[in-house]
$ cat data-v6.cif   # mmCIF, C-alpha atoms and all ligand atoms
data_start
#
loop_
_atom_site.group_PDB
_atom_site.id
_atom_site.type_symbol
_atom_site.label_atom_id
_atom_site.label_comp_id
_atom_site.auth_asym_id
_atom_site.auth_seq_id
_atom_site.Cartn_x
_atom_site.Cartn_y
_atom_site.Cartn_z
ATOM 1 C CA MET Q 488 210.257 -95.470 -77.243
ATOM 2 C CA GLN Q 489 212.450 -95.242 -74.134
ATOM 3 C CA LYS Q 490 210.840 -96.072 -70.770
ATOM 4 C CA PRO Q 491 210.399 -92.972 -68.612
ATOM 5 C CA ILE Q 492 213.084 -92.566 -65.950
ATOM 6 C CA LEU Q 493 210.594 -91.531 -63.278
ATOM 7 C CA GLU Q 494 206.891 -92.203 -62.793
ATOM 8 C CA LEU Q 495 204.708 -90.950 -59.974
ATOM 9 C CA THR Q 496 201.362 -92.742 -60.017
ATOM 10 C CA GLN Q 497 198.385 -91.687 -57.902
ATOM 11 C CA LEU Q 498 200.924 -90.645 -55.298
ATOM 12 C CA GLY Q 499 199.426 -89.623 -51.972
ATOM 13 C CA MET Q 500 200.609 -88.891 -48.461
ATOM 14 C CA ARG Q 501 198.422 -88.888 -45.374
ATOM 15 C CA TYR Q 502 199.939 -88.064 -42.007
ATOM 16 C CA PRO Q 503 198.398 -89.216 -38.729
ATOM 17 C CA VAL Q 504 197.467 -86.222 -36.583
ATOM 18 C CA ALA Q 505 195.592 -85.816 -33.279
ATOM 19 C CA THR Q 506 192.291 -85.210 -35.106
ATOM 20 C CA GLY Q 507 192.641 -88.192 -37.475
ATOM 21 C CA GLU Q 508 194.748 -87.725 -40.542
ATOM 22 C CA PHE Q 509 196.090 -84.852 -42.574
ATOM 23 C CA ILE Q 510 196.040 -85.364 -46.334
ATOM 24 C CA ALA Q 511 199.179 -83.592 -47.498
ATOM 25 C CA LEU Q 512 199.272 -84.941 -51.085
ATOM 26 C CA LYS Q 513 196.620 -86.560 -53.237
ATOM 27 C CA ASP Q 514 196.646 -88.093 -56.716
ATOM 28 C CA VAL Q 515 200.003 -86.773 -57.873
ATOM 29 C CA ASN Q 516 200.748 -88.145 -61.346
ATOM 30 C CA LEU Q 517 203.892 -87.299 -63.292
ATOM 31 C CA VAL Q 518 205.999 -88.999 -65.943
ATOM 32 C CA VAL Q 519 209.548 -87.737 -66.461
ATOM 33 C CA GLU Q 520 211.735 -88.642 -69.422
ATOM 34 C CA LYS Q 521 215.488 -89.174 -69.184
ATOM 35 C CA GLY Q 522 217.412 -85.904 -69.352
ATOM 36 C CA GLU Q 523 214.477 -83.664 -68.457
ATOM 37 C CA PHE Q 524 214.887 -80.730 -66.085
ATOM 38 C CA ILE Q 525 211.727 -80.358 -64.016
ATOM 39 C CA SER Q 526 211.022 -77.615 -61.483
ATOM 40 C CA LEU Q 527 208.452 -78.033 -58.740
ATOM 41 C CA ILE Q 528 206.946 -74.736 -57.722
ATOM 42 C CA GLY Q 529 204.134 -73.877 -55.321
ATOM 43 C CA HIS Q 530 203.421 -71.998 -52.138
ATOM 44 C CA SER Q 531 205.054 -72.938 -48.880
ATOM 45 C CA GLY Q 532 203.487 -76.025 -47.312
ATOM 46 C CA CYS Q 533 201.941 -77.354 -50.544
ATOM 47 C CA GLY Q 534 203.933 -80.573 -50.407
ATOM 48 C CA LYS Q 535 206.966 -80.022 -52.624
ATOM 49 C CA SER Q 536 209.434 -81.439 -50.090
ATOM 50 C CA THR Q 537 207.127 -84.372 -49.458
ATOM 51 C CA VAL Q 538 207.138 -85.193 -53.193
ATOM 52 C CA LEU Q 539 210.932 -84.996 -53.230
ATOM 53 C CA ASP Q 540 211.215 -87.139 -50.073
ATOM 54 C CA LEU Q 541 208.944 -89.772 -51.621
ATOM 55 C CA ILE Q 542 211.095 -89.918 -54.759
ATOM 56 C CA ALA Q 543 214.251 -90.037 -52.626
ATOM 57 C CA GLY Q 544 212.727 -92.869 -50.585
ATOM 58 C CA LEU Q 545 213.172 -90.905 -47.352
ATOM 59 C CA GLN Q 546 209.452 -91.374 -46.681
ATOM 60 C CA MET Q 547 207.085 -94.050 -47.972
ATOM 61 C CA PRO Q 548 203.819 -92.935 -49.616
ATOM 62 C CA THR Q 549 200.511 -93.927 -48.046
ATOM 63 C CA ASP Q 550 198.946 -94.101 -51.529
ATOM 64 C CA GLY Q 551 200.280 -94.826 -54.995
ATOM 65 C CA GLY Q 552 203.932 -95.286 -55.808
ATOM 66 C CA VAL Q 553 207.159 -94.088 -57.374
ATOM 67 C CA LEU Q 554 209.018 -95.918 -60.132
ATOM 68 C CA VAL Q 555 212.607 -94.994 -60.982
ATOM 69 C CA SER Q 556 213.861 -96.754 -64.102
ATOM 70 C CA ASN Q 557 210.813 -98.997 -63.806
ATOM 71 C CA LYS Q 558 211.769 -100.091 -60.273
ATOM 72 C CA GLU Q 559 209.553 -99.341 -57.289
ATOM 73 C CA VAL Q 560 211.229 -97.023 -54.786
ATOM 74 C CA SER Q 561 211.355 -98.737 -51.396
ATOM 75 C CA GLY Q 562 214.008 -96.632 -49.649
ATOM 76 C CA PRO Q 563 216.949 -94.322 -50.310
ATOM 77 C CA GLY Q 564 219.505 -95.393 -52.918
ATOM 78 C CA PRO Q 565 222.448 -94.009 -54.875
ATOM 79 C CA ASP Q 566 220.321 -93.909 -58.040
ATOM 80 C CA ARG Q 567 218.662 -90.819 -56.492
ATOM 81 C CA ALA Q 568 221.084 -88.223 -55.113
ATOM 82 C CA VAL Q 569 219.770 -85.234 -53.176
ATOM 83 C CA VAL Q 570 221.197 -81.712 -52.948
ATOM 84 C CA PHE Q 571 219.689 -79.729 -50.079
ATOM 85 C CA GLN Q 572 219.401 -75.979 -49.544
ATOM 86 C CA HIS Q 573 221.952 -76.180 -46.779
ATOM 87 C CA HIS Q 574 224.911 -78.278 -47.736
ATOM 88 C CA ALA Q 575 225.276 -81.649 -46.037
ATOM 89 C CA LEU Q 576 229.045 -81.959 -46.383
ATOM 90 C CA LEU Q 577 230.938 -83.773 -43.677
ATOM 91 C CA PRO Q 578 232.822 -80.997 -41.868
ATOM 92 C CA TRP Q 579 235.788 -83.131 -40.804
ATOM 93 C CA LEU Q 580 236.559 -84.191 -44.398
ATOM 94 C CA THR Q 581 238.170 -82.029 -47.079
ATOM 95 C CA VAL Q 582 236.344 -81.063 -50.254
ATOM 96 C CA TYR Q 583 238.274 -83.835 -52.030
ATOM 97 C CA GLU Q 584 237.405 -86.429 -49.387
ATOM 98 C CA ASN Q 585 233.704 -85.501 -49.400
ATOM 99 C CA VAL Q 586 233.466 -86.294 -53.121
ATOM 100 C CA GLU Q 587 235.738 -89.329 -52.747
ATOM 101 C CA LEU Q 588 233.452 -90.759 -50.085
ATOM 102 C CA ALA Q 589 230.445 -90.590 -52.433
ATOM 103 C CA LEU Q 590 232.414 -92.374 -55.153
ATOM 104 C CA LYS Q 591 233.522 -95.083 -52.720
ATOM 105 C CA GLN Q 592 229.956 -95.609 -51.498
ATOM 106 C CA VAL Q 593 228.678 -96.010 -55.053
ATOM 107 C CA ALA Q 594 231.530 -98.413 -55.896
ATOM 108 C CA ILE Q 595 230.605 -100.557 -52.879
ATOM 109 C CA HIS Q 596 226.952 -100.490 -53.915
ATOM 110 C CA GLN Q 597 227.814 -101.473 -57.490
ATOM 111 C CA LYS Q 598 230.354 -104.052 -56.238
ATOM 112 C CA LYS Q 599 233.094 -102.367 -58.284
ATOM 113 C CA ARG Q 600 236.724 -101.856 -57.304
ATOM 114 C CA LEU Q 601 238.282 -98.508 -58.130
ATOM 115 C CA SER Q 602 242.065 -98.167 -58.109
ATOM 116 C CA LYS Q 603 243.567 -95.199 -56.269
ATOM 117 C CA SER Q 604 244.340 -93.430 -59.535
ATOM 118 C CA GLU Q 605 240.865 -94.087 -60.985
ATOM 119 C CA LEU Q 606 239.360 -92.693 -57.810
ATOM 120 C CA GLU Q 607 241.569 -89.607 -57.932
ATOM 121 C CA GLN Q 608 240.824 -89.009 -61.587
ATOM 122 C CA GLN Q 609 237.067 -89.224 -60.940
ATOM 123 C CA VAL Q 610 237.121 -86.970 -57.871
ATOM 124 C CA MET Q 611 239.006 -84.329 -59.854
ATOM 125 C CA HIS Q 612 236.631 -84.747 -62.812
ATOM 126 C CA TYR Q 613 233.574 -83.964 -60.674
ATOM 127 C CA LEU Q 614 235.331 -81.111 -58.875
ATOM 128 C CA ALA Q 615 236.321 -79.681 -62.270
ATOM 129 C CA LEU Q 616 232.682 -79.784 -63.411
ATOM 130 C CA VAL Q 617 231.780 -77.383 -60.604
ATOM 131 C CA GLN Q 618 235.065 -75.454 -60.886
ATOM 132 C CA MET Q 619 236.285 -76.422 -57.445
ATOM 133 C CA THR Q 620 239.588 -78.238 -58.072
ATOM 134 C CA HIS Q 621 241.507 -75.305 -56.570
ATOM 135 C CA ALA Q 622 239.885 -75.859 -53.171
ATOM 136 C CA SER Q 623 240.177 -79.640 -53.019
ATOM 137 C CA SER Q 624 242.228 -79.656 -49.796
ATOM 138 C CA LYS Q 625 240.002 -77.178 -47.955
ATOM 139 C CA LYS Q 626 237.518 -78.145 -45.252
ATOM 140 C CA PRO Q 627 233.863 -77.051 -45.669
ATOM 141 C CA ASP Q 628 234.161 -74.316 -43.026
ATOM 142 C CA GLU Q 629 237.040 -72.746 -44.988
ATOM 143 C CA ILE Q 630 234.964 -72.085 -48.122
ATOM 144 C CA SER Q 631 231.970 -69.828 -48.944
ATOM 145 C CA GLY Q 632 228.304 -70.880 -49.052
ATOM 146 C CA GLY Q 633 228.303 -70.892 -52.855
ATOM 147 C CA MET Q 634 231.425 -73.054 -52.926
ATOM 148 C CA LYS Q 635 229.870 -75.506 -50.460
ATOM 149 C CA GLN Q 636 226.828 -75.843 -52.736
ATOM 150 C CA ARG Q 637 229.178 -76.478 -55.671
ATOM 151 C CA VAL Q 638 230.851 -79.289 -53.735
ATOM 152 C CA GLY Q 639 227.433 -80.659 -52.741
ATOM 153 C CA ILE Q 640 226.496 -80.745 -56.431
ATOM 154 C CA ALA Q 641 229.831 -82.417 -57.331
ATOM 155 C CA ARG Q 642 229.214 -85.040 -54.680
ATOM 156 C CA ALA Q 643 225.678 -85.687 -55.925
ATOM 157 C CA LEU Q 644 226.866 -85.908 -59.557
ATOM 158 C CA ALA Q 645 229.640 -88.295 -58.530
ATOM 159 C CA MET Q 646 226.944 -90.762 -57.530
ATOM 160 C CA GLN Q 647 225.842 -90.781 -61.210
ATOM 161 C CA PRO Q 648 222.235 -90.879 -60.097
ATOM 162 C CA ASN Q 649 219.382 -91.716 -62.444
ATOM 163 C CA VAL Q 650 217.583 -88.762 -60.939
ATOM 164 C CA LEU Q 651 219.194 -85.757 -59.268
ATOM 165 C CA LEU Q 652 216.878 -84.253 -56.657
ATOM 166 C CA MET Q 653 217.460 -80.664 -55.579
ATOM 167 C CA ASP Q 654 215.595 -78.996 -52.718
ATOM 168 C CA GLU Q 655 215.998 -75.246 -53.246
ATOM 169 C CA PRO Q 656 219.714 -75.737 -53.887
ATOM 170 C CA PHE Q 657 220.448 -72.041 -54.355
ATOM 171 C CA GLY Q 658 217.828 -70.655 -51.955
ATOM 172 C CA ALA Q 659 220.312 -69.593 -49.299
ATOM 173 C CA LEU Q 660 222.734 -67.833 -51.662
ATOM 174 C CA ASP Q 661 223.032 -64.190 -52.672
ATOM 175 C CA ALA Q 662 221.652 -63.262 -56.109
ATOM 176 C CA LEU Q 663 224.992 -63.085 -57.901
ATOM 177 C CA THR Q 664 226.274 -66.409 -56.543
ATOM 178 C CA ARG Q 665 222.914 -67.964 -57.345
ATOM 179 C CA ALA Q 666 223.153 -66.767 -60.955
ATOM 180 C CA HIS Q 667 226.666 -68.238 -61.291
ATOM 181 C CA LEU Q 668 225.509 -71.587 -59.932
ATOM 182 C CA GLN Q 669 222.425 -71.666 -62.148
ATOM 183 C CA ASP Q 670 224.700 -71.133 -65.169
ATOM 184 C CA ALA Q 671 227.072 -73.846 -63.913
ATOM 185 C CA LEU Q 672 224.155 -76.255 -63.467
ATOM 186 C CA MET Q 673 222.858 -75.558 -66.993
ATOM 187 C CA ALA Q 674 226.343 -76.195 -68.427
ATOM 188 C CA ILE Q 675 226.709 -79.439 -66.451
ATOM 189 C CA GLN Q 676 223.291 -80.660 -67.504
ATOM 190 C CA ALA Q 677 224.065 -79.885 -71.155
ATOM 191 C CA GLU Q 678 227.170 -82.070 -70.825
ATOM 192 C CA LEU Q 679 225.914 -84.935 -68.647
ATOM 193 C CA LYS Q 680 222.204 -84.922 -69.641
ATOM 194 C CA ASN Q 681 221.120 -85.514 -66.054
ATOM 195 C CA THR Q 682 217.491 -85.894 -65.126
ATOM 196 C CA ILE Q 683 216.821 -83.233 -62.498
ATOM 197 C CA ILE Q 684 213.860 -82.531 -60.238
ATOM 198 C CA MET Q 685 214.332 -79.222 -58.462
ATOM 199 C CA ILE Q 686 212.182 -77.439 -55.912
ATOM 200 C CA THR Q 687 212.314 -73.688 -56.208
ATOM 201 C CA HIS Q 688 210.443 -70.601 -55.036
ATOM 202 C CA ASP Q 689 212.106 -68.477 -57.665
ATOM 203 C CA VAL Q 690 209.980 -68.022 -60.798
ATOM 204 C CA ASP Q 691 212.900 -66.777 -62.923
ATOM 205 C CA GLU Q 692 215.039 -69.708 -61.833
ATOM 206 C CA ALA Q 693 212.262 -72.129 -62.787
ATOM 207 C CA VAL Q 694 211.813 -70.599 -66.257
ATOM 208 C CA LEU Q 695 215.536 -70.269 -66.959
ATOM 209 C CA LEU Q 696 216.473 -73.835 -66.000
ATOM 210 C CA SER Q 697 213.471 -76.033 -66.732
ATOM 211 C CA ASP Q 698 212.113 -78.046 -69.588
ATOM 212 C CA ARG Q 699 208.836 -78.261 -67.670
ATOM 213 C CA ILE Q 700 207.517 -76.432 -64.626
ATOM 214 C CA VAL Q 701 205.225 -78.480 -62.402
ATOM 215 C CA MET Q 702 202.968 -76.120 -60.470
ATOM 216 C CA MET Q 703 201.346 -77.452 -57.322
ATOM 217 C CA SER Q 704 198.041 -76.390 -55.835
ATOM 218 C CA ASN Q 705 197.766 -75.483 -52.160
ATOM 219 C CA GLY Q 706 197.068 -78.154 -49.591
ATOM 220 C CA PRO Q 707 195.448 -79.913 -47.897
ATOM 221 C CA ALA Q 708 195.238 -82.635 -50.542
ATOM 222 C CA ALA Q 709 197.694 -80.717 -52.700
ATOM 223 C CA THR Q 710 198.268 -81.991 -56.197
ATOM 224 C CA ILE Q 711 199.696 -80.942 -59.534
ATOM 225 C CA GLY Q 712 197.670 -77.983 -60.765
ATOM 226 C CA GLU Q 713 199.263 -77.305 -64.130
ATOM 227 C CA ILE Q 714 202.388 -78.287 -66.022
ATOM 228 C CA LEU Q 715 204.053 -75.690 -68.240
ATOM 229 C CA THR Q 716 206.456 -76.622 -71.002
ATOM 230 C CA VAL Q 717 209.316 -74.150 -71.339
ATOM 231 C CA ASP Q 718 210.092 -74.420 -75.033
ATOM 232 C CA LEU Q 719 213.007 -72.002 -75.062
ATOM 233 C CA PRO Q 720 216.069 -73.144 -77.011
ATOM 234 C CA ARG Q 721 219.284 -74.073 -75.169
ATOM 235 C CA PRO Q 722 221.863 -72.934 -74.293
ATOM 236 C CA ARG Q 723 219.946 -70.227 -72.478
ATOM 237 C CA ASP Q 724 221.382 -66.862 -71.617
ATOM 238 C CA ARG Q 725 219.675 -64.918 -68.826
ATOM 239 C CA VAL Q 726 220.556 -61.511 -70.307
ATOM 240 C CA VAL Q 727 219.262 -62.359 -73.781
ATOM 241 C CA LEU Q 728 216.131 -64.012 -72.329
ATOM 242 C CA ALA Q 729 215.208 -60.986 -70.233
ATOM 243 C CA ASN Q 730 213.685 -59.376 -73.344
ATOM 244 C CA ASN Q 731 212.407 -62.570 -74.943
ATOM 245 C CA GLU Q 732 208.634 -62.601 -75.429
ATOM 246 C CA ARG Q 733 208.276 -66.337 -74.932
ATOM 247 C CA TYR Q 734 210.265 -66.137 -71.685
ATOM 248 C CA GLN Q 735 208.057 -63.313 -70.424
ATOM 249 C CA HIS Q 736 204.925 -65.243 -71.401
ATOM 250 C CA VAL Q 737 205.970 -68.380 -69.478
ATOM 251 C CA ARG Q 738 207.008 -66.278 -66.494
ATOM 252 C CA GLN Q 739 203.624 -64.552 -66.564
ATOM 253 C CA GLN Q 740 201.806 -67.890 -66.599
ATOM 254 C CA VAL Q 741 203.679 -69.094 -63.517
ATOM 255 C CA LEU Q 742 202.934 -65.832 -61.697
ATOM 256 C CA GLN Q 743 199.257 -66.065 -62.629
ATOM 257 C CA PHE Q 744 199.075 -69.623 -61.345
ATOM 258 C CA LEU Q 745 200.704 -68.682 -58.040
ATOM 259 C CA TYR Q 746 199.161 -65.307 -57.371
ATOM 260 C CA GLU Q 747 195.781 -65.382 -59.109
ATOM 261 C CA LYS Q 748 194.606 -68.982 -59.446
ATOM 262 C CA HIS Q 749 196.186 -70.458 -56.311
ATOM 263 C CA THR Q 750 196.899 -67.449 -54.203
ATOM 264 C CA LYS Q 751 197.796 -68.025 -50.594
ATOM 265 C CA VAL Q 752 197.741 -65.288 -48.016
ATOM 266 C CA GLU Q 753 199.937 -66.020 -45.044
ATOM 267 C CA PRO Q 754 198.402 -64.634 -41.835
ATOM 268 C CA LEU Q 755 200.680 -61.939 -40.419
ATOM 269 C CA HIS Q 756 199.428 -62.647 -36.937
ATOM 270 C CA GLN Q 757 198.362 -66.074 -35.709
ATOM 271 C CA PRO Q 758 195.846 -65.419 -32.921
ATOM 272 C CA ALA Q 759 196.422 -67.452 -29.797
ATOM 273 C CA ALA Q 760 193.633 -69.898 -28.907
ATOM 274 C CA LYS Q 761 192.267 -67.718 -26.112
ATOM 275 C CA GLU Q 762 192.093 -64.682 -28.450
ATOM 276 C CA VAL Q 763 189.892 -66.686 -30.836
ATOM 277 C CA ALA Q 764 187.537 -67.849 -28.083
HETATM 278 P P1 LIG Q 801 206.544 -77.622 -48.927
HETATM 279 O O1 LIG Q 801 207.821 -78.337 -49.177
HETATM 280 O O2 LIG Q 801 205.769 -77.341 -50.185
HETATM 281 O O3 LIG Q 801 206.733 -76.366 -48.116
HETATM 282 P P2 LIG Q 801 205.938 -79.905 -47.235
HETATM 283 O O4 LIG Q 801 206.086 -81.041 -48.166
HETATM 284 O O5 LIG Q 801 207.054 -79.643 -46.300
HETATM 285 O O6 LIG Q 801 205.583 -78.578 -48.066
HETATM 286 O O7 LIG Q 801 204.612 -80.124 -46.361
HETATM 287 C C1 LIG Q 801 203.333 -80.368 -46.957
HETATM 288 C C2 LIG Q 801 202.265 -80.398 -45.885
HETATM 289 O O8 LIG Q 801 202.396 -81.581 -45.114
HETATM 290 C C3 LIG Q 801 202.342 -79.230 -44.914
HETATM 291 O O9 LIG Q 801 201.039 -78.815 -44.587
HETATM 292 C C4 LIG Q 801 203.029 -79.831 -43.706
HETATM 293 O O10 LIG Q 801 202.636 -79.163 -42.533
HETATM 294 C C5 LIG Q 801 202.502 -81.263 -43.744
HETATM 295 N N1 LIG Q 801 203.436 -82.224 -43.137
HETATM 296 C C6 LIG Q 801 204.691 -82.486 -43.527
HETATM 297 N N2 LIG Q 801 205.238 -83.449 -42.746
HETATM 298 C C7 LIG Q 801 204.304 -83.788 -41.838
HETATM 299 C C8 LIG Q 801 204.235 -84.716 -40.752
HETATM 300 N N3 LIG Q 801 205.269 -85.514 -40.450
HETATM 301 N N4 LIG Q 801 203.083 -84.775 -40.029
HETATM 302 C C9 LIG Q 801 202.020 -83.992 -40.328
HETATM 303 N N5 LIG Q 801 202.017 -83.097 -41.349
HETATM 304 C C10 LIG Q 801 203.135 -82.992 -42.088
#

$ encode --input "data-v6.cif" --output "C-alpha cells"
Amino acid sequence: MQKPILELTQLGMRYPVATGEFIALKDVNLVVEKGEFISLIGHSGCGKSTVLDLIAGLQMPTDGGVLVSNKEVSGPGPDRAVVFQHHALLPWLTVYENVELALKQVAIHQKKRLSKSELEQQVMHYLALVQMTHASSKKPDEISGGMKQRVGIARALAMQPNVLLMDEPFGALDALTRAHLQDALMAIQAELKNTIIMITHDVDEAVLLSDRIVMMSNGPAATIGEILTVDLPRPRDRVVLANNERYQHVRQQVLQFLYEKHTKVEPLHQPAAKEVA
C-alpha cells in the first residue's frame, strides 16, 4: 500500500496569552491519501486556518506533528502551495510573469535548469489549465477577482506541490464566478490528481468538491468532530446533484453537525467591560 501523502498526528496548538495559554487545537489526527480532496469545515474561530498554517509550515505546532510524504514539516516549502481567499499575486508582474516566477523558484529549489522555451511552454500550460492564456500580458489590477483567483491557482499548480492548500479560495467571489471556478478546480483535479486540503464555509461547495469532509468542533481545544465520506461518483455535475438523494443526505449531515451538534451563536452585541460589571 502507498504511504499517505499527509499525516497529522496528535497535532495541537497552544498560544501564550496574558492569562496563561490558549489551547486553540488539541489532538488533531488525520491521514490523507494521495489524490484526495479534503474540505475542512467548522465555525469561525475553530482553528481551520491554524491547521492549514501548520501543514504549510507557516507556524510550528506546540504538540504533535505534520508529515508530508513521510517528511516532518519544519517550515514552508514548495511541496505545499497555498491559495488564499484574497489573491497574493505580485501587482508589478504580469499574469505570465507571476506564474513564471513560481516555476523559476521551484526550479531553483529542485536544482533544475529550465530553458526559455521550456519555461514558456510550462507557463502557458498552467495558464491554459485555468483558462487564462488570453490575459497573460495583463497586470493583476487589470483583471477581475475571479480571474485573479484563477491565476493564483495556476501559480500554485505550477509549483507541482504534493499538497495544495486552499484557504476559502472562492469565498470572496460572487456565486456565479464561484461556481465556474469550482467546476474548473474539479476538472483540473480530475486531470492532475492533486491532493487538496480546502477550508470552506460553504456546505454545498464542500459536498460538491470533496472526497471527505472533515468537520471541526468549536474551540477552545478544537479538534476533528466527525469525518464524512462523500461517495458520489465523479465527474460531478451541480445541476444533476441538486436532486440526488445521496447528495442531500451528506449535505444534511454537515448541516446537522454545524447547527445542531456543534452550534455556535455569535453574540450580536459584545458588552463593554464596564457594562458587565
Ligand atoms: P478559523 O480559521 O477556524 O476561523 P483560526 O485558526 O484562525 O480559526 O483560530 C483558532 C483560534 O485560535 C481562535 O480562537 C483564534 O482567536 C486563536 N488564535 C489564532 N491565532 C492566535 C494567536 N496568535 N494568539 C492567540 N490566539 C490565536

$ closest_residue --input "data-v6.cif" --among "Q:Thr506, Q:Gln740, Q:Ser697, Q:Asn557" --to "Asp718 (chain Q)" --atoms "all atoms listed in the file"
Q:Ser697

$ axis_aligned_box --input "data-v6.cif" --around "region 566-576 of chain Q" --padding-each-side "5 Å" --output "JSON"
{"center_x": 223.9, "center_y": -84.9, "center_z": -52.0, "size_x": 20.4, "size_y": 27.9, "size_z": 22.0}

$ residues_near_point --input "data-v6.cif" --point "(219.6, -64.5, -69.1)" --cutoff "10 Å" --atoms "only C-alpha atoms" --output "list of chain:residue names"
Q:Ala666, Q:Asp670, Q:Asp691, Q:Leu695, Q:Arg723, Q:Asp724, Q:Arg725, Q:Val726, Q:Val727, Q:Leu728, Q:Ala729, Q:Asn730, Q:Asn731, Q:Tyr734

$ residues_near_ligand --input "data-v6.cif" --ligand "ligand LIG 801 (chain Q)" --cutoff "7 Å" --atoms "all atoms listed in the file" --output "MDAnalysis selection string"
chainID Q and resid 502:504 509 511 529:538 706:707

$ resolve_selection --input "data-v6.cif" --expression "the PyMOL selection byres (((chain Q and resi 648) around 7) and not hetatm)" --output "ChimeraX atom specification"
/Q:565-568,644,646-647,649-651

$ residues_around --input "data-v6.cif" --residues "Lys635 (chain Q)" --least-positions-apart "5" --cutoff "7 Å" --atoms "only C-alpha atoms" --output "list in words"
His574, Pro627 and Ile630 of chain Q

$ residues_around --input "data-v6.cif" --residues "Gln608 (chain Q)" --least-positions-apart "3" --cutoff "12 Å" --atoms "only C-alpha atoms" --output "list in words"
Tyr583, Val586, Glu587, Leu590, Leu601, Ser602, Lys603, Ser604, Glu605, Met611, His612, Tyr613, Leu614, Ala615, Thr620 and Ala645 of chain Q

$ write_last_selection --input "data-v6.cif" --atoms "C-alpha atoms" --output "PDB file, in the frame of the given file"
ATOM      1  CA  TYR Q 583     238.274 -83.835 -52.030  1.00  0.00           C
ATOM      2  CA  VAL Q 586     233.466 -86.294 -53.121  1.00  0.00           C
ATOM      3  CA  GLU Q 587     235.738 -89.329 -52.747  1.00  0.00           C
ATOM      4  CA  LEU Q 590     232.414 -92.374 -55.153  1.00  0.00           C
ATOM      5  CA  LEU Q 601     238.282 -98.508 -58.130  1.00  0.00           C
ATOM      6  CA  SER Q 602     242.065 -98.167 -58.109  1.00  0.00           C
ATOM      7  CA  LYS Q 603     243.567 -95.199 -56.269  1.00  0.00           C
ATOM      8  CA  SER Q 604     244.340 -93.430 -59.535  1.00  0.00           C
ATOM      9  CA  GLU Q 605     240.865 -94.087 -60.985  1.00  0.00           C
ATOM     10  CA  MET Q 611     239.006 -84.329 -59.854  1.00  0.00           C
ATOM     11  CA  HIS Q 612     236.631 -84.747 -62.812  1.00  0.00           C
ATOM     12  CA  TYR Q 613     233.574 -83.964 -60.674  1.00  0.00           C
ATOM     13  CA  LEU Q 614     235.331 -81.111 -58.875  1.00  0.00           C
ATOM     14  CA  ALA Q 615     236.321 -79.681 -62.270  1.00  0.00           C
ATOM     15  CA  THR Q 620     239.588 -78.238 -58.072  1.00  0.00           C
ATOM     16  CA  ALA Q 645     229.640 -88.295 -58.530  1.00  0.00           C
TER      17      ALA Q 645
END

$ atom_distance --input "data-v6.cif" --atom1 "CA of Ala594 (chain Q)" --atom2 "CA of Gln609 (chain Q)"
11.9 Å

$ atom_distance --input "data-v6.cif" --atom1 "CA of Trp579 (chain Q)" --atom2 "CA of Val638 (chain Q)"
14.4 Å

$ closest_residue --input "data-v6.cif" --among "Q:Val515, Q:Ile525, Q:Ala708, Q:Leu616" --to "Arg637 (chain Q)" --atoms "only C-alpha atoms"
Q:Leu616

$ atom_distance --input "data-v6.cif" --atom1 "CA of Phe571 (chain Q)" --atom2 "CA of Arg600 (chain Q)"
28.8 Å

$ resolve_selection --input "data-v6.cif" --expression "the PyMOL selection byres (((chain Q and resi 689) around 10) and not hetatm)" --output "ChimeraX atom specification"
/Q:526,528-529,655,657-658,686-688,690-694

$ closest_residue --input "data-v6.cif" --among "Q:Met500, Q:Val570, Q:Ile714, Q:Ile700" --to "Gly552 (chain Q)" --atoms "only C-alpha atoms"
Q:Met500

$ residues_around --input "data-v6.cif" --residues "Asp540 (chain Q)" --least-positions-apart "4" --cutoff "10 Å" --atoms "only C-alpha atoms" --output "PDB file with C-alpha atoms, keeping the file's coordinate frame"
ATOM      1  CA  GLY Q 534     203.933 -80.573 -50.407  1.00  0.00           C
ATOM      2  CA  LYS Q 535     206.966 -80.022 -52.624  1.00  0.00           C
ATOM      3  CA  SER Q 536     209.434 -81.439 -50.090  1.00  0.00           C
ATOM      4  CA  GLY Q 544     212.727 -92.869 -50.585  1.00  0.00           C
ATOM      5  CA  LEU Q 545     213.172 -90.905 -47.352  1.00  0.00           C
ATOM      6  CA  GLN Q 546     209.452 -91.374 -46.681  1.00  0.00           C
ATOM      7  CA  MET Q 547     207.085 -94.050 -47.972  1.00  0.00           C
ATOM      8  CA  PRO Q 548     203.819 -92.935 -49.616  1.00  0.00           C
ATOM      9  CA  GLY Q 562     214.008 -96.632 -49.649  1.00  0.00           C
ATOM     10  CA  PRO Q 563     216.949 -94.322 -50.310  1.00  0.00           C
ATOM     11  CA  VAL Q 569     219.770 -85.234 -53.176  1.00  0.00           C
ATOM     12  CA  LEU Q 652     216.878 -84.253 -56.657  1.00  0.00           C
ATOM     13  CA  ASP Q 654     215.595 -78.996 -52.718  1.00  0.00           C
TER      14      ASP Q 654
END

$ closest_residue --input "data-v6.cif" --among "Q:Glu494, Q:Glu607, Q:Glu508, Q:Glu747" --to "Gly551 (chain Q)" --atoms "all atoms listed in the file"
Q:Glu494

$ closest_residue --input "data-v6.cif" --among "Q:Ser561, Q:Gln489, Q:Ser556, Q:Asn516" --to "Met703 (chain Q)" --atoms "only C-alpha atoms"
Q:Asn516

$ resolve_selection --input "data-v6.cif" --expression "the PyMOL selection byres (((chain Q and resi 576) around 10) and not hetatm)" --output "list in words"
His573, His574, Ala575, Leu577, Pro578, Trp579, Leu580, Thr581, Val582, Glu584, Asn585, Val586, Lys626, Pro627, Asp628, Lys635, Gln636, Val638, Gly639 and Arg642 of chain Q

$ closest_residue --input "data-v6.cif" --among "Q:Asn705, Q:Gly522, Q:Arg699, Q:Gln497" --to "Glu678 (chain Q)" --atoms "all atoms listed in the file"
Q:Gly522

$ residues_near_point --input "data-v6.cif" --point "(209.8, -97.1, -62.2)" --cutoff "9 Å" --atoms "all atoms listed in the file" --output "compact mmCIF listing (two decimals) with C-alpha atoms, in the coordinates of the input"
# COMPACT_ATOMS: atom_id res chain seq x y z
CA LYS Q 490 210.84 -96.07 -70.77
CA PRO Q 491 210.40 -92.97 -68.61
CA ILE Q 492 213.08 -92.57 -65.95
CA LEU Q 493 210.59 -91.53 -63.28
CA GLU Q 494 206.89 -92.20 -62.79
CA LEU Q 495 204.71 -90.95 -59.97
CA GLY Q 552 203.93 -95.29 -55.81
CA VAL Q 553 207.16 -94.09 -57.37
CA LEU Q 554 209.02 -95.92 -60.13
CA VAL Q 555 212.61 -94.99 -60.98
CA SER Q 556 213.86 -96.75 -64.10
CA ASN Q 557 210.81 -99.00 -63.81
CA LYS Q 558 211.77 -100.09 -60.27
CA GLU Q 559 209.55 -99.34 -57.29
CA VAL Q 560 211.23 -97.02 -54.79
